[in-house]
Amino acid sequence: MATSSFISSNSSLLFNKISISKQKKAPTKILAVMTPETSERKPSTTGSVKTGMTMTEKIFARASERSQLSPGENVWANVDILMTHDVCGPGCIGVFKKEFGDNAKVWDREKVVLIPDHFIFTSDESAKRNVDILRDFADEQNIKYFDDITDRGNFKANPDYKGVCHIALAQEGHCRPGEILVGTDSHTCTAGAFGQFATGIGNADAGFLLGTGKLLLKVPPTLRFVLDGEMPDYLLAKDLILQIIGEI
């Protein structure tokens, strides 16, 4: 016969004098039960944030180095990614050079994404000039992410070209949860699907952003939409959101 004594740290129970037989297992008998004293548990908090916020409010709070934000507040936010393409890029660059000088440098060469995708397959010389301006700016600023296209006659001969800007942003890893992404295109907001705040901006804002890395943003309110009824087969999700946008 053998006798053993042990304490279970998981359940804080004291077991004592348990008889174990080599030939026949004896029934386990608990002779004593002990529960440790516990102090009062206070509600947990996340850092200095004491009240709840929406996802967008949390993203804006991080970007503006604030602990708490409310809808309607204006904040200077540190932007994570700026995207511009061959339609608006030349205008953004013009604003940037006018306001910060011809020799100015962008705030972060790895946070600017240049994607020519609107005028790339055209014989129009003016349209091609837009892409040339992006290329020159990328070389001048040593921009890390420039989806260049050099051979308009052979699509496969462009190893750096990534396609439509909104698709390329996601596929190339520029859409990251919790960040702020802005672009000079109204469809930039589709990147919100990746758990980040994304919105389109104008050339003037983009030009300012190129030089500072900051943007003045208003914390948006949270809206709830209740849709009653069934969608006809001939309507799609885009029809629905366009109707909502038109109403608000």
# chains A, B, ... in the order shown; residues from 1 in each chain; ligands from 1
$ residues_around --residues "range 65-78 of chain A" --least-positions-apart "5" --cutoff "12 Å" --atoms "only C-alpha atoms" --output "PyMOL selection string"
chain A and resi 45-60+107-108+111+179-182+197+209-210+212-223
$ closest_atom_pairs --of "range 42-134 of chain A" --to "range 141-146 of chain A" --cutoff "12 Å" --atoms "only C-alpha atoms" --output "JSON lines"
{"residue": "A:Ile81", "atom": "CA", "partner": "A:Tyr145", "partner_atom": "CA", "distance": 10.9}
{"residue": "A:Leu82", "atom": "CA", "partner": "A:Tyr145", "partner_atom": "CA", "distance": 10.8}
{"residue": "A:Met83", "atom": "CA", "partner": "A:Tyr145", "partner_atom": "CA", "distance": 9.7}
{"residue": "A:Thr84", "atom": "CA", "partner": "A:Phe146", "partner_atom": "CA", "distance": 10.1}
{"residue": "A:His85", "atom": "CA", "partner": "A:Phe146", "partner_atom": "CA", "distance": 9.7}
{"residue": "A:Asp86", "atom": "CA", "partner": "A:Phe146", "partner_atom": "CA", "distance": 11.2}
{"residue": "A:Gly89", "atom": "CA", "partner": "A:Phe146", "partner_atom": "CA", "distance": 11.8}
{"residue": "A:Ile93", "atom": "CA", "partner": "A:Gln141", "partner_atom": "CA", "distance": 11.1}
{"residue": "A:Lys97", "atom": "CA", "partner": "A:Gln141", "partner_atom": "CA", "distance": 12.0}
{"residue": "A:Asp102", "atom": "CA", "partner": "A:Gln141", "partner_atom": "CA", "distance": 11.3}
{"residue": "A:Asn103", "atom": "CA", "partner": "A:Gln141", "partner_atom": "CA", "distance": 9.6}
{"residue": "A:Ala104", "atom": "CA", "partner": "A:Gln141", "partner_atom": "CA", "distance": 9.0}
{"residue": "A:Lys105", "atom": "CA", "partner": "A:Gln141", "partner_atom": "CA", "distance": 6.4}
{"residue": "A:Val106", "atom": "CA", "partner": "A:Gln141", "partner_atom": "CA", "distance": 7.0}
{"residue": "A:Trp107", "atom": "CA", "partner": "A:Gln141", "partner_atom": "CA", "distance": 10.1}
{"residue": "A:Asp108", "atom": "CA", "partner": "A:Ile143", "partner_atom": "CA", "distance": 8.6}
{"residue": "A:Arg109", "atom": "CA", "partner": "A:Ile143", "partner_atom": "CA", "distance": 4.9}
{"residue": "A:Glu110", "atom": "CA", "partner": "A:Lys144", "partner_atom": "CA", "distance": 5.4}
{"residue": "A:Lys111", "atom": "CA", "partner": "A:Tyr145", "partner_atom": "CA", "distance": 8.2}
{"residue": "A:Val112", "atom": "CA", "partner": "A:Ile143", "partner_atom": "CA", "distance": 6.9}
{"residue": "A:Val113", "atom": "CA", "partner": "A:Tyr145", "partner_atom": "CA", "distance": 5.1}
{"residue": "A:Leu114", "atom": "CA", "partner": "A:Phe146", "partner_atom": "CA", "distance": 4.8}
{"residue": "A:Ile115", "atom": "CA", "partner": "A:Phe146", "partner_atom": "CA", "distance": 6.0}
{"residue": "A:Pro116", "atom": "CA", "partner": "A:Phe146", "partner_atom": "CA", "distance": 8.3}
{"residue": "A:Asp117", "atom": "CA", "partner": "A:Phe146", "partner_atom": "CA", "distance": 11.4}
{"residue": "A:Val131", "atom": "CA", "partner": "A:Phe146", "partner_atom": "CA", "distance": 10.7}
{"residue": "A:Asp132", "atom": "CA", "partner": "A:Phe146", "partner_atom": "CA", "distance": 11.9}
{"residue": "A:Ile133", "atom": "CA", "partner": "A:Phe146", "partner_atom": "CA", "distance": 12.0}
{"residue": "A:Leu134", "atom": "CA", "partner": "A:Phe146", "partner_atom": "CA", "distance": 8.3}
$ residues_around --residues "Ala127 in chain A" --least-positions-apart "4" --cutoff "9 Å" --atoms "only C-alpha atoms" --output "list in words"
Asp86, Val87, His118, Phe119, Ile120, Thr122, Ser123 and Val131 of chain A
$ closest_residue --among "A:Gly246, A:Gly200, A:Pro90, A:Gly229" --to "Asp136 in chain A" --atoms "only C-alpha atoms"
A:Pro90
$ closest_residue --among "A:Cys92, A:Ala204, A:Leu242, A:Ala198" --to "Gly178 in chain A" --atoms "only C-alpha atoms"
A:Ala198
$ closest_residue --among "A:Cys165, A:Leu227, A:Ile244, A:Ile149" --to "Phe121 in chain A" --atoms "only C-alpha atoms"
A:Ile149
$ select_by_dssp --residues "range 87-194 of chain A" --states "strand (DSSP E)" --output "list of chain:residue names"
A:Val112, A:Val113, A:Leu114, A:Ile115, A:Tyr145, A:Phe146, A:Ile180, A:Leu181, A:Val182, A:Gly183
$ write_last_selection --atoms "N, CA, C and O atoms" --output "PDB file, in the first residue's frame"
ATOM      1  N   VAL A 112       3.590  56.491 -49.601  1.00  0.00           N
ATOM      2  CA  VAL A 112       2.957  57.036 -50.801  1.00  0.00           C
ATOM      3  C   VAL A 112       2.923  55.936 -51.860  1.00  0.00           C
ATOM      4  O   VAL A 112       3.954  55.335 -52.167  1.00  0.00           O
ATOM      5  N   VAL A 113       1.734  55.674 -52.401  1.00  0.00           N
ATOM      6  CA  VAL A 113       1.567  54.634 -53.418  1.00  0.00           C
ATOM      7  C   VAL A 113       1.065  55.295 -54.700  1.00  0.00           C
ATOM      8  O   VAL A 113       0.000  55.922 -54.705  1.00  0.00           O
ATOM      9  N   LEU A 114       1.836  55.163 -55.778  1.00  0.00           N
ATOM     10  CA  LEU A 114       1.478  55.755 -57.069  1.00  0.00           C
ATOM     11  C   LEU A 114       1.080  54.644 -58.030  1.00  0.00           C
ATOM     12  O   LEU A 114       1.864  53.723 -58.284  1.00  0.00           O
ATOM     13  N   ILE A 115      -0.139  54.732 -58.568  1.00  0.00           N
ATOM     14  CA  ILE A 115      -0.643  53.658 -59.428  1.00  0.00           C
ATOM     15  C   ILE A 115      -1.277  54.250 -60.689  1.00  0.00           C
ATOM     16  O   ILE A 115      -2.413  54.730 -60.660  1.00  0.00           O
ATOM     17  N   TYR A 145       6.780  52.566 -53.743  1.00  0.00           N
ATOM     18  CA  TYR A 145       5.691  51.837 -54.382  1.00  0.00           C
ATOM     19  C   TYR A 145       5.138  52.633 -55.570  1.00  0.00           C
ATOM     20  O   TYR A 145       4.316  53.540 -55.409  1.00  0.00           O
ATOM     21  N   PHE A 146       5.651  52.317 -56.754  1.00  0.00           N
ATOM     22  CA  PHE A 146       5.182  52.928 -57.996  1.00  0.00           C
ATOM     23  C   PHE A 146       4.937  51.811 -59.000  1.00  0.00           C
ATOM     24  O   PHE A 146       5.872  51.143 -59.440  1.00  0.00           O
ATOM     25  N   ILE A 180      -5.318  54.228 -41.347  1.00  0.00           N
ATOM     26  CA  ILE A 180      -6.044  55.208 -42.159  1.00  0.00           C
ATOM     27  C   ILE A 180      -5.421  55.234 -43.546  1.00  0.00           C
ATOM     28  O   ILE A 180      -4.223  55.481 -43.697  1.00  0.00           O
ATOM     29  N   LEU A 181      -6.232  54.951 -44.546  1.00  0.00           N
ATOM     30  CA  LEU A 181      -5.799  54.982 -45.944  1.00  0.00           C
ATOM     31  C   LEU A 181      -6.661  55.991 -46.683  1.00  0.00           C
ATOM     32  O   LEU A 181      -7.891  55.946 -46.602  1.00  0.00           O
ATOM     33  N   VAL A 182      -6.020  56.902 -47.395  1.00  0.00           N
ATOM     34  CA  VAL A 182      -6.767  57.875 -48.193  1.00  0.00           C
ATOM     35  C   VAL A 182      -6.247  57.835 -49.614  1.00  0.00           C
ATOM     36  O   VAL A 182      -5.104  57.451 -49.878  1.00  0.00           O
ATOM     37  N   GLY A 183      -7.103  58.222 -50.548  1.00  0.00           N
ATOM     38  CA  GLY A 183      -6.707  58.214 -51.947  1.00  0.00           C
ATOM     39  C   GLY A 183      -7.472  59.253 -52.732  1.00  0.00           C
ATOM     40  O   GLY A 183      -8.584  59.639 -52.358  1.00  0.00           O
TER      41      GLY A 183
END
$ atom_distance --atom1 "CA of Gly195 in chain A" --atom2 "CA of Ser64 in chain A"
17.8 Å
$ select_by_dssp --residues "range 102-166 of chain A" --states "helix (DSSP H, G or I)" --output "PDB file with all heavy atoms, in the first residue's frame"
ATOM      1  N   GLU A 125      -1.520  61.846 -76.275  1.00  0.00           N
ATOM      2  CA  GLU A 125      -0.257  62.302 -75.718  1.00  0.00           C
ATOM      3  C   GLU A 125      -0.430  62.992 -74.373  1.00  0.00           C
ATOM      4  O   GLU A 125       0.414  62.873 -73.485  1.00  0.00           O
ATOM      5  CB  GLU A 125       0.441  63.243 -76.708  1.00  0.00           C
ATOM      6  CG  GLU A 125       0.902  62.550 -77.984  1.00  0.00           C
ATOM      7  CD  GLU A 125       1.899  61.441 -77.692  1.00  0.00           C
ATOM      8  OE1 GLU A 125       2.723  61.589 -76.772  1.00  0.00           O
ATOM      9  OE2 GLU A 125       1.853  60.406 -78.399  1.00  0.00           O
ATOM     10  N   SER A 126      -1.522  63.725 -74.209  1.00  0.00           N
ATOM     11  CA  SER A 126      -1.762  64.413 -72.933  1.00  0.00           C
ATOM     12  C   SER A 126      -1.985  63.408 -71.807  1.00  0.00           C
ATOM     13  O   SER A 126      -1.518  63.595 -70.688  1.00  0.00           O
ATOM     14  CB  SER A 126      -2.973  65.344 -73.057  1.00  0.00           C
ATOM     15  OG  SER A 126      -2.745  66.348 -74.022  1.00  0.00           O
ATOM     16  N   ALA A 127      -2.715  62.338 -72.132  1.00  0.00           N
ATOM     17  CA  ALA A 127      -2.971  61.315 -71.126  1.00  0.00           C
ATOM     18  C   ALA A 127      -1.673  60.623 -70.739  1.00  0.00           C
ATOM     19  O   ALA A 127      -1.422  60.351 -69.559  1.00  0.00           O
ATOM     20  CB  ALA A 127      -3.987  60.301 -71.648  1.00  0.00           C
ATOM     21  N   LYS A 128      -0.840  60.320 -71.722  1.00  0.00           N
ATOM     22  CA  LYS A 128       0.432  59.673 -71.437  1.00  0.00           C
ATOM     23  C   LYS A 128       1.333  60.577 -70.595  1.00  0.00           C
ATOM     24  O   LYS A 128       2.153  60.090 -69.814  1.00  0.00           O
ATOM     25  CB  LYS A 128       1.129  59.273 -72.743  1.00  0.00           C
ATOM     26  CG  LYS A 128       0.450  58.109 -73.463  1.00  0.00           C
ATOM     27  CD  LYS A 128       1.303  57.579 -74.592  1.00  0.00           C
ATOM     28  CE  LYS A 128       1.425  58.586 -75.723  1.00  0.00           C
ATOM     29  NZ  LYS A 128       2.166  58.023 -76.875  1.00  0.00           N
ATOM     30  N   ARG A 129       1.187  61.868 -70.780  1.00  0.00           N
ATOM     31  CA  ARG A 129       2.000  62.807 -70.007  1.00  0.00           C
ATOM     32  C   ARG A 129       1.707  62.684 -68.520  1.00  0.00           C
ATOM     33  O   ARG A 129       2.603  62.854 -67.682  1.00  0.00           O
ATOM     34  CB  ARG A 129       1.733  64.241 -70.496  1.00  0.00           C
ATOM     35  CG  ARG A 129       2.477  65.328 -69.718  1.00  0.00           C
ATOM     36  CD  ARG A 129       3.967  65.104 -69.758  1.00  0.00           C
ATOM     37  NE  ARG A 129       4.664  66.101 -68.941  1.00  0.00           N
ATOM     38  CZ  ARG A 129       5.874  65.925 -68.432  1.00  0.00           C
ATOM     39  NH1 ARG A 129       6.515  64.787 -68.649  1.00  0.00           N
ATOM     40  NH2 ARG A 129       6.421  66.865 -67.706  1.00  0.00           N
ATOM     41  N   ASN A 130       0.483  62.370 -68.165  1.00  0.00           N
ATOM     42  CA  ASN A 130       0.140  62.187 -66.752  1.00  0.00           C
ATOM     43  C   ASN A 130       0.964  61.079 -66.115  1.00  0.00           C
ATOM     44  O   ASN A 130       1.450  61.203 -64.989  1.00  0.00           O
ATOM     45  CB  ASN A 130      -1.354  61.864 -66.606  1.00  0.00           C
ATOM     46  CG  ASN A 130      -2.209  63.102 -66.661  1.00  0.00           C
ATOM     47  OD1 ASN A 130      -1.791  64.130 -67.185  1.00  0.00           O
ATOM     48  ND2 ASN A 130      -3.412  63.015 -66.121  1.00  0.00           N
ATOM     49  N   VAL A 131       1.128  59.973 -66.852  1.00  0.00           N
ATOM     50  CA  VAL A 131       1.920  58.863 -66.339  1.00  0.00           C
ATOM     51  C   VAL A 131       3.388  59.260 -66.245  1.00  0.00           C
ATOM     52  O   VAL A 131       4.092  58.896 -65.293  1.00  0.00           O
ATOM     53  CB  VAL A 131       1.752  57.612 -67.219  1.00  0.00           C
ATOM     54  CG1 VAL A 131       2.591  56.452 -66.677  1.00  0.00           C
ATOM     55  CG2 VAL A 131       0.289  57.205 -67.294  1.00  0.00           C
ATOM     56  N   ASP A 132       3.859  60.047 -67.218  1.00  0.00           N
ATOM     57  CA  ASP A 132       5.246  60.518 -67.184  1.00  0.00           C
ATOM     58  C   ASP A 132       5.513  61.373 -65.951  1.00  0.00           C
ATOM     59  O   ASP A 132       6.586  61.294 -65.345  1.00  0.00           O
ATOM     60  CB  ASP A 132       5.563  61.320 -68.448  1.00  0.00           C
ATOM     61  CG  ASP A 132       5.548  60.461 -69.707  1.00  0.00           C
ATOM     62  OD1 ASP A 132       5.719  59.235 -69.575  1.00  0.00           O
ATOM     63  OD2 ASP A 132       5.350  61.021 -70.803  1.00  0.00           O
ATOM     64  N   ILE A 133       4.534  62.192 -65.561  1.00  0.00           N
ATOM     65  CA  ILE A 133       4.688  63.042 -64.375  1.00  0.00           C
ATOM     66  C   ILE A 133       4.817  62.178 -63.124  1.00  0.00           C
ATOM     67  O   ILE A 133       5.646  62.442 -62.244  1.00  0.00           O
ATOM     68  CB  ILE A 133       3.498  64.009 -64.246  1.00  0.00           C
ATOM     69  CG1 ILE A 133       3.540  65.038 -65.383  1.00  0.00           C
ATOM     70  CG2 ILE A 133       3.512  64.716 -62.889  1.00  0.00           C
ATOM     71  CD1 ILE A 133       2.332  65.945 -65.426  1.00  0.00           C
ATOM     72  N   LEU A 134       3.990  61.132 -63.037  1.00  0.00           N
ATOM     73  CA  LEU A 134       4.096  60.211 -61.896  1.00  0.00           C
ATOM     74  C   LEU A 134       5.463  59.552 -61.858  1.00  0.00           C
ATOM     75  O   LEU A 134       6.082  59.422 -60.799  1.00  0.00           O
ATOM     76  CB  LEU A 134       3.007  59.134 -61.975  1.00  0.00           C
ATOM     77  CG  LEU A 134       1.557  59.535 -61.708  1.00  0.00           C
ATOM     78  CD1 LEU A 134       0.681  58.281 -61.673  1.00  0.00           C
ATOM     79  CD2 LEU A 134       1.412  60.303 -60.416  1.00  0.00           C
ATOM     80  N   ARG A 135       5.942  59.115 -63.015  1.00  0.00           N
ATOM     81  CA  ARG A 135       7.234  58.428 -63.087  1.00  0.00           C
ATOM     82  C   ARG A 135       8.373  59.370 -62.648  1.00  0.00           C
ATOM     83  O   ARG A 135       9.266  58.977 -61.877  1.00  0.00           O
ATOM     84  CB  ARG A 135       7.473  57.909 -64.502  1.00  0.00           C
ATOM     85  CG  ARG A 135       8.748  57.085 -64.630  1.00  0.00           C
ATOM     86  CD  ARG A 135       8.935  56.554 -66.044  1.00  0.00           C
ATOM     87  NE  ARG A 135       7.852  55.664 -66.438  1.00  0.00           N
ATOM     88  CZ  ARG A 135       6.922  55.978 -67.352  1.00  0.00           C
ATOM     89  NH1 ARG A 135       6.952  57.157 -67.943  1.00  0.00           N
ATOM     90  NH2 ARG A 135       5.977  55.125 -67.649  1.00  0.00           N
ATOM     91  N   ASP A 136       8.323  60.599 -63.137  1.00  0.00           N
ATOM     92  CA  ASP A 136       9.360  61.570 -62.770  1.00  0.00           C
ATOM     93  C   ASP A 136       9.337  61.856 -61.272  1.00  0.00           C
ATOM     94  O   ASP A 136      10.389  61.968 -60.629  1.00  0.00           O
ATOM     95  CB  ASP A 136       9.170  62.872 -63.557  1.00  0.00           C
ATOM     96  CG  ASP A 136       9.426  62.693 -65.048  1.00  0.00           C
ATOM     97  OD1 ASP A 136      10.070  61.687 -65.422  1.00  0.00           O
ATOM     98  OD2 ASP A 136       8.968  63.549 -65.844  1.00  0.00           O
ATOM     99  N   PHE A 137       8.133  61.973 -60.731  1.00  0.00           N
ATOM    100  CA  PHE A 137       8.001  62.260 -59.294  1.00  0.00           C
ATOM    101  C   PHE A 137       8.488  61.074 -58.468  1.00  0.00           C
ATOM    102  O   PHE A 137       9.138  61.256 -57.427  1.00  0.00           O
ATOM    103  CB  PHE A 137       6.541  62.577 -58.970  1.00  0.00           C
ATOM    104  CG  PHE A 137       6.318  63.062 -57.558  1.00  0.00           C
ATOM    105  CD1 PHE A 137       6.753  64.311 -57.159  1.00  0.00           C
ATOM    106  CD2 PHE A 137       5.665  62.267 -56.631  1.00  0.00           C
ATOM    107  CE1 PHE A 137       6.543  64.769 -55.873  1.00  0.00           C
ATOM    108  CE2 PHE A 137       5.447  62.711 -55.333  1.00  0.00           C
ATOM    109  CZ  PHE A 137       5.890  63.965 -54.961  1.00  0.00           C
ATOM    110  N   ALA A 138       8.177  59.863 -58.912  1.00  0.00           N
ATOM    111  CA  ALA A 138       8.622  58.669 -58.199  1.00  0.00           C
ATOM    112  C   ALA A 138      10.146  58.589 -58.175  1.00  0.00           C
ATOM    113  O   ALA A 138      10.750  58.242 -57.150  1.00  0.00           O
ATOM    114  CB  ALA A 138       8.034  57.417 -58.847  1.00  0.00           C
ATOM    115  N   ASP A 139      10.776  58.926 -59.295  1.00  0.00           N
ATOM    116  CA  ASP A 139      12.241  58.922 -59.353  1.00  0.00           C
ATOM    117  C   ASP A 139      12.827  60.020 -58.471  1.00  0.00           C
ATOM    118  O   ASP A 139      13.793  59.798 -57.732  1.00  0.00           O
ATOM    119  CB  ASP A 139      12.708  59.111 -60.798  1.00  0.00           C
ATOM    120  CG  ASP A 139      12.396  57.897 -61.664  1.00  0.00           C
ATOM    121  OD1 ASP A 139      12.205  56.805 -61.098  1.00  0.00           O
ATOM    122  OD2 ASP A 139      12.336  58.062 -62.899  1.00  0.00           O
ATOM    123  N   GLU A 140      12.246  61.191 -58.543  1.00  0.00           N
ATOM    124  CA  GLU A 140      12.736  62.338 -57.770  1.00  0.00           C
ATOM    125  C   GLU A 140      12.648  62.100 -56.270  1.00  0.00           C
ATOM    126  O   GLU A 140      13.568  62.423 -55.510  1.00  0.00           O
ATOM    127  CB  GLU A 140      11.929  63.584 -58.152  1.00  0.00           C
ATOM    128  CG  GLU A 140      12.161  64.796 -57.274  1.00  0.00           C
ATOM    129  CD  GLU A 140      11.088  65.835 -57.478  1.00  0.00           C
ATOM    130  OE1 GLU A 140      10.833  66.202 -58.648  1.00  0.00           O
ATOM    131  OE2 GLU A 140      10.489  66.289 -56.481  1.00  0.00           O
ATOM    132  N   GLN A 141      11.542  61.498 -55.828  1.00  0.00           N
ATOM    133  CA  GLN A 141      11.290  61.303 -54.402  1.00  0.00           C
ATOM    134  C   GLN A 141      11.712  59.918 -53.911  1.00  0.00           C
ATOM    135  O   GLN A 141      11.558  59.621 -52.721  1.00  0.00           O
ATOM    136  CB  GLN A 141       9.793  61.515 -54.103  1.00  0.00           C
ATOM    137  CG  GLN A 141       9.278  62.903 -54.432  1.00  0.00           C
ATOM    138  CD  GLN A 141       9.772  63.947 -53.452  1.00  0.00           C
ATOM    139  OE1 GLN A 141      10.032  63.652 -52.286  1.00  0.00           O
ATOM    140  NE2 GLN A 141       9.883  65.183 -53.915  1.00  0.00           N
ATOM    141  N   PHE A 155       1.076  44.006 -72.563  1.00  0.00           N
ATOM    142  CA  PHE A 155       0.663  44.060 -71.148  1.00  0.00           C
ATOM    143  C   PHE A 155       1.591  43.236 -70.265  1.00  0.00           C
ATOM    144  O   PHE A 155       1.945  43.646 -69.162  1.00  0.00           O
ATOM    145  CB  PHE A 155      -0.769  43.548 -71.018  1.00  0.00           C
ATOM    146  CG  PHE A 155      -1.281  43.538 -69.609  1.00  0.00           C
ATOM    147  CD1 PHE A 155      -1.767  44.683 -69.014  1.00  0.00           C
ATOM    148  CD2 PHE A 155      -1.288  42.355 -68.872  1.00  0.00           C
ATOM    149  CE1 PHE A 155      -2.249  44.665 -67.716  1.00  0.00           C
ATOM    150  CE2 PHE A 155      -1.760  42.329 -67.573  1.00  0.00           C
ATOM    151  CZ  PHE A 155      -2.247  43.494 -66.994  1.00  0.00           C
ATOM    152  N   LYS A 156       2.020  42.068 -70.737  1.00  0.00           N
ATOM    153  CA  LYS A 156       2.829  41.175 -69.925  1.00  0.00           C
ATOM    154  C   LYS A 156       4.276  41.666 -69.765  1.00  0.00           C
ATOM    155  O   LYS A 156       5.031  41.098 -68.982  1.00  0.00           O
ATOM    156  CB  LYS A 156       2.822  39.779 -70.532  1.00  0.00           C
ATOM    157  CG  LYS A 156       1.451  39.112 -70.513  1.00  0.00           C
ATOM    158  CD  LYS A 156       1.511  37.713 -71.091  1.00  0.00           C
ATOM    159  CE  LYS A 156       0.137  37.054 -71.054  1.00  0.00           C
ATOM    160  NZ  LYS A 156       0.164  35.679 -71.612  1.00  0.00           N
ATOM    161  N   ALA A 157       4.636  42.687 -70.490  1.00  0.00           N
ATOM    162  CA  ALA A 157       6.007  43.192 -70.420  1.00  0.00           C
ATOM    163  C   ALA A 157       6.178  44.259 -69.344  1.00  0.00           C
ATOM    164  O   ALA A 157       7.164  44.982 -69.329  1.00  0.00           O
ATOM    165  CB  ALA A 157       6.417  43.766 -71.775  1.00  0.00           C
ATOM    166  N   CYS A 165      -6.160  50.374 -59.268  1.00  0.00           N
ATOM    167  CA  CYS A 165      -5.559  50.873 -58.026  1.00  0.00           C
ATOM    168  C   CYS A 165      -6.186  50.278 -56.771  1.00  0.00           C
ATOM    169  O   CYS A 165      -5.469  49.904 -55.834  1.00  0.00           O
ATOM    170  CB  CYS A 165      -5.613  52.398 -57.981  1.00  0.00           C
ATOM    171  SG  CYS A 165      -7.265  53.113 -58.051  1.00  0.00           S
ATOM    172  N   HIS A 166      -7.506  50.149 -56.726  1.00  0.00           N
ATOM    173  CA  HIS A 166      -8.165  49.661 -55.513  1.00  0.00           C
ATOM    174  C   HIS A 166      -7.896  48.177 -55.280  1.00  0.00           C
ATOM    175  O   HIS A 166      -7.800  47.724 -54.136  1.00  0.00           O
ATOM    176  CB  HIS A 166      -9.664  49.924 -55.593  1.00  0.00           C
ATOM    177  CG  HIS A 166      -9.987  51.335 -55.964  1.00  0.00           C
ATOM    178  ND1 HIS A 166      -9.696  52.397 -55.131  1.00  0.00           N
ATOM    179  CD2 HIS A 166     -10.526  51.872 -57.092  1.00  0.00           C
ATOM    180  CE1 HIS A 166     -10.053  53.525 -55.730  1.00  0.00           C
ATOM    181  NE2 HIS A 166     -10.560  53.236 -56.918  1.00  0.00           N
TER     182      HIS A 166
END
$ atom_distance --atom1 "CA of Glu172 in chain A" --atom2 "CA of Phe194 in chain A"
13.0 Å
$ decode --residues "range 58-63 of chain A" --atoms "all heavy atoms" --output "JSON list (two decimals), in the first residue's frame"
[["chain", "number", "residue", "atom", "x", "y", "z"],
["A", 58, "LYS", "N", -11.94, 54.47, -32.67],
["A", 58, "LYS", "CA", -10.69, 53.91, -32.15],
["A", 58, "LYS", "C", -9.54, 54.15, -33.12],
["A", 58, "LYS", "O", -8.42, 54.47, -32.71],
["A", 58, "LYS", "CB", -10.85, 52.42, -31.89],
["A", 58, "LYS", "CG", -11.75, 52.08, -30.71],
["A", 58, "LYS", "CD", -11.87, 50.57, -30.54],
["A", 58, "LYS", "CE", -12.77, 50.22, -29.36],
["A", 58, "LYS", "NZ", -12.92, 48.76, -29.20],
["A", 59, "ILE", "N", -9.82, 53.99, -34.41],
["A", 59, "ILE", "CA", -8.78, 54.22, -35.43],
["A", 59, "ILE", "C", -8.35, 55.69, -35.42],
["A", 59, "ILE", "O", -7.15, 56.00, -35.47],
["A", 59, "ILE", "CB", -9.28, 53.80, -36.82],
["A", 59, "ILE", "CG1", -9.48, 52.28, -36.87],
["A", 59, "ILE", "CG2", -8.32, 54.25, -37.91],
["A", 59, "ILE", "CD1", -10.13, 51.79, -38.15],
["A", 60, "PHE", "N", -9.32, 56.59, -35.34],
["A", 60, "PHE", "CA", -9.00, 58.01, -35.31],
["A", 60, "PHE", "C", -8.25, 58.37, -34.02],
["A", 60, "PHE", "O", -7.36, 59.22, -34.03],
["A", 60, "PHE", "CB", -10.29, 58.83, -35.41],
["A", 60, "PHE", "CG", -10.76, 59.07, -36.81],
["A", 60, "PHE", "CD1", -10.62, 58.09, -37.78],
["A", 60, "PHE", "CD2", -11.37, 60.26, -37.17],
["A", 60, "PHE", "CE1", -11.05, 58.28, -39.08],
["A", 60, "PHE", "CE2", -11.80, 60.47, -38.47],
["A", 60, "PHE", "CZ", -11.65, 59.48, -39.43],
["A", 61, "ALA", "N", -8.62, 57.74, -32.92],
["A", 61, "ALA", "CA", -7.96, 58.02, -31.64],
["A", 61, "ALA", "C", -6.49, 57.63, -31.71],
["A", 61, "ALA", "O", -5.60, 58.36, -31.25],
["A", 61, "ALA", "CB", -8.66, 57.30, -30.50],
["A", 62, "ARG", "N", -6.23, 56.46, -32.30],
["A", 62, "ARG", "CA", -4.83, 56.03, -32.45],
["A", 62, "ARG", "C", -4.06, 56.99, -33.34],
["A", 62, "ARG", "O", -2.94, 57.39, -33.03],
["A", 62, "ARG", "CB", -4.78, 54.63, -33.06],
["A", 62, "ARG", "CG", -3.36, 54.10, -33.28],
["A", 62, "ARG", "CD", -3.33, 52.92, -34.22],
["A", 62, "ARG", "NE", -3.68, 53.29, -35.58],
["A", 62, "ARG", "CZ", -2.80, 53.78, -36.47],
["A", 62, "ARG", "NH1", -1.54, 53.96, -36.14],
["A", 62, "ARG", "NH2", -3.20, 54.08, -37.69],
["A", 63, "ALA", "N", -4.69, 57.37, -34.46],
["A", 63, "ALA", "CA", -4.00, 58.21, -35.44],
["A", 63, "ALA", "C", -3.76, 59.63, -34.94],
["A", 63, "ALA", "O", -2.85, 60.32, -35.40],
["A", 63, "ALA", "CB", -4.80, 58.25, -36.74]]
